[in-house]
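Notes follow the structure.
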Amino acid sequence: MSAADARKPLTLTETKSLFAGLAGHSALVLAVSGGPDSTALLYLASRWRAQMKTGPRLIAVTIDHGLRPQSAAEARAVSGLARKLGIAHRTLRWTGAKPKTGLQDAARQARYALLAREAARHHARDVLTAHTLDDQAETVLLRLARGSGLAGLAAMARESEWGGVTIVR
């Protein structure tokens, strides 16, 4: 794909292909932080679902880690956008003591645990997340920096199990 192609909006056919296999689900949880990647996921999922007569209920979930002063306002902005798109939204907060070291890993663990619990509450088998190519490259570089061998030098897996649900990236 060329850089020019990457800037073009997805067609409806491409969007349908992206969500292929999910139409029969009763509900899907969308992890939406408010960043450009997850906001695109919210728009695309809304567009995909709107063209169907029946399909899964979409529930957007924002995790407020409570680590930055602006996080609550960002969650409110996501809530407003979800409402405008006709998608249910819930903000969940990571509470309790935060570790002095390994904060990013602890935040990721907390985020996935909260998302899995919310998915179970809505009888959703899958939590959809969005990542940029930069996120994927960063994952490879972090693994390399940790001394991973060739077998460990991979980007994020497309799917992983977490708390009884599938996290789809």
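By convention here, the chains of the structure tokens are called A, B, ... in the order presented, each chain's residues are numbered starting at 1, and ligands are numbered starting at 1 in the order presented.
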Using only C-alpha atoms, find each residue in segment 2-36 of chain A having at least one atom no more than 7 Å away from segment 45-61 of chain A; report its shortest atom-to-atom pair and that distance in Å (one decimal), rows by chain then rising number, as a Markdown table.
```
| residue | atom | partner | partner_atom | distance |
| --- | --- | --- | --- | --- |
| A:Thr15 | CA | A:Trp48 | CA | 6.4 |
| A:Lys16 | CA | A:Trp48 | CA | 6.3 |
| A:Ala23 | CA | A:Gly55 | CA | 5.3 |
| A:Gly24 | CA | A:Gly55 | CA | 6.3 |
| A:His25 | CA | A:Pro56 | CA | 5.3 |
| A:Ser26 | CA | A:Pro56 | CA | 4.5 |
| A:Ala27 | CA | A:Arg57 | CA | 4.4 |
| A:Leu28 | CA | A:Leu58 | CA | 5.1 |
| A:Val29 | CA | A:Ile59 | CA | 4.8 |
| A:Leu30 | CA | A:Ala60 | CA | 4.6 |
| A:Ala31 | CA | A:Val61 | CA | 5.1 |
| A:Val32 | CA | A:Val61 | CA | 5.8 |
```
Using only C-alpha atoms, what does the table of segment 14-88 of chain A residues within 12 Å of segment 103-108 of chain A look like, with each row giving the shortest atom pair and its distance in Å to one decimal, sorted by chain and ascending number, as a Markdown table?
```
| residue | atom | partner | partner_atom | distance |
| --- | --- | --- | --- | --- |
| A:Ile63 | CA | A:Ala107 | CA | 9.7 |
| A:Asp64 | CA | A:Ala107 | CA | 9.9 |
| A:His65 | CA | A:Ala107 | CA | 6.9 |
| A:Gly66 | CA | A:Ala107 | CA | 10.0 |
| A:Leu67 | CA | A:Ala107 | CA | 9.3 |
```
**Item:** Shell of 7 Å around segment 115-120 of chain A, only C-alpha atoms, local chain residues under 5 positions omitted, as number ranges by chain
**Value:** A: 29, 125, 127, 162-163, 165
**Message:** Please compute the atom CA of Arg121 of chain A-atom CA of Gly102 of chain A distance, one decimal, in Å.
**Reply:**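 Taking atom CA of Arg121 of chain A as the start and atom CA of Gly102 of chain A as the end point, the length is 28.8 Å.
Taking atom CA of Thr62 of chain A and atom CA of Ser33 of chain A as the two end points, the separation is 5.4 Å.
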**Message:** as a PyMOL selection string, please: the residues near Pro36 of chain A (cut-off 12 Å, only C-alpha atoms, same-chain neighbours under 3 positions excluded).
**Reply:** chain A and resi 32-33+39-43+78+129-132
Would you put the residues from that selection into a file with N, CA, C and O atoms, as a PDB file, in the first residue's frame?
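Output file again_24.pdb follows:
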```pdb
ATOM      1  N   VAL A  32     -11.981   2.362  23.346  1.00  0.00           N
ATOM      2  CA  VAL A  32     -11.802   3.671  22.720  1.00  0.00           C
ATOM      3  C   VAL A  32     -11.191   4.646  23.721  1.00  0.00           C
ATOM      4  O   VAL A  32     -11.848   5.075  24.670  1.00  0.00           O
ATOM      5  N   SER A  33      -9.935   5.000  23.482  1.00  0.00           N
ATOM      6  CA  SER A  33      -9.227   5.933  24.363  1.00  0.00           C
ATOM      7  C   SER A  33      -9.483   7.384  23.988  1.00  0.00           C
ATOM      8  O   SER A  33      -9.335   8.277  24.809  1.00  0.00           O
ATOM      9  N   THR A  39     -10.432   6.163  17.806  1.00  0.00           N
ATOM     10  CA  THR A  39     -11.540   6.982  17.290  1.00  0.00           C
ATOM     11  C   THR A  39     -11.918   6.502  15.894  1.00  0.00           C
ATOM     12  O   THR A  39     -13.104   6.417  15.556  1.00  0.00           O
ATOM     13  N   ALA A  40     -10.924   6.143  15.086  1.00  0.00           N
ATOM     14  CA  ALA A  40     -11.210   5.572  13.768  1.00  0.00           C
ATOM     15  C   ALA A  40     -11.986   4.274  13.914  1.00  0.00           C
ATOM     16  O   ALA A  40     -12.944   4.023  13.166  1.00  0.00           O
ATOM     17  N   LEU A  41     -11.594   3.430  14.884  1.00  0.00           N
ATOM     18  CA  LEU A  41     -12.330   2.186  15.140  1.00  0.00           C
ATOM     19  C   LEU A  41     -13.792   2.491  15.462  1.00  0.00           C
ATOM     20  O   LEU A  41     -14.697   1.839  14.942  1.00  0.00           O
ATOM     21  N   LEU A  42     -14.041   3.485  16.301  1.00  0.00           N
ATOM     22  CA  LEU A  42     -15.407   3.853  16.679  1.00  0.00           C
ATOM     23  C   LEU A  42     -16.224   4.265  15.452  1.00  0.00           C
ATOM     24  O   LEU A  42     -17.343   3.797  15.250  1.00  0.00           O
ATOM     25  N   TYR A  43     -15.652   5.130  14.620  1.00  0.00           N
ATOM     26  CA  TYR A  43     -16.342   5.556  13.397  1.00  0.00           C
ATOM     27  C   TYR A  43     -16.589   4.383  12.449  1.00  0.00           C
ATOM     28  O   TYR A  43     -17.687   4.231  11.914  1.00  0.00           O
ATOM     29  N   VAL A  78     -15.040  11.208  24.374  1.00  0.00           N
ATOM     30  CA  VAL A  78     -15.370   9.932  23.724  1.00  0.00           C
ATOM     31  C   VAL A  78     -16.843   9.609  23.938  1.00  0.00           C
ATOM     32  O   VAL A  78     -17.537   9.189  23.020  1.00  0.00           O
ATOM     33  N   THR A 129      -9.777  -3.613  19.655  1.00  0.00           N
ATOM     34  CA  THR A 129      -8.855  -2.516  19.926  1.00  0.00           C
ATOM     35  C   THR A 129      -8.286  -2.038  18.598  1.00  0.00           C
ATOM     36  O   THR A 129      -8.426  -2.715  17.581  1.00  0.00           O
ATOM     37  N   ALA A 130      -7.656  -0.890  18.610  1.00  0.00           N
ATOM     38  CA  ALA A 130      -7.064  -0.350  17.389  1.00  0.00           C
ATOM     39  C   ALA A 130      -5.629   0.072  17.679  1.00  0.00           C
ATOM     40  O   ALA A 130      -5.350   0.640  18.736  1.00  0.00           O
ATOM     41  N   HIS A 131      -4.762  -0.229  16.751  1.00  0.00           N
ATOM     42  CA  HIS A 131      -3.349   0.129  16.895  1.00  0.00           C
ATOM     43  C   HIS A 131      -2.819   0.604  15.557  1.00  0.00           C
ATOM     44  O   HIS A 131      -3.221   0.113  14.504  1.00  0.00           O
ATOM     45  N   THR A 132      -1.895   1.534  15.620  1.00  0.00           N
ATOM     46  CA  THR A 132      -1.263   2.032  14.408  1.00  0.00           C
ATOM     47  C   THR A 132      -0.064   1.152  14.055  1.00  0.00           C
ATOM     48  O   THR A 132       0.393   0.340  14.867  1.00  0.00           O
TER      49      THR A 132
END
```
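Atom pair atom CA of Leu85 of chain A / atom CA of Leu22 of chain A: separated by 19.1 Å.
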**Asked** Where in segment 76-132 of chain A does DSSP assign strand (DSSP E or B), given as a PyMOL selection string?
**Response** chain A and resi 88-93+126-128
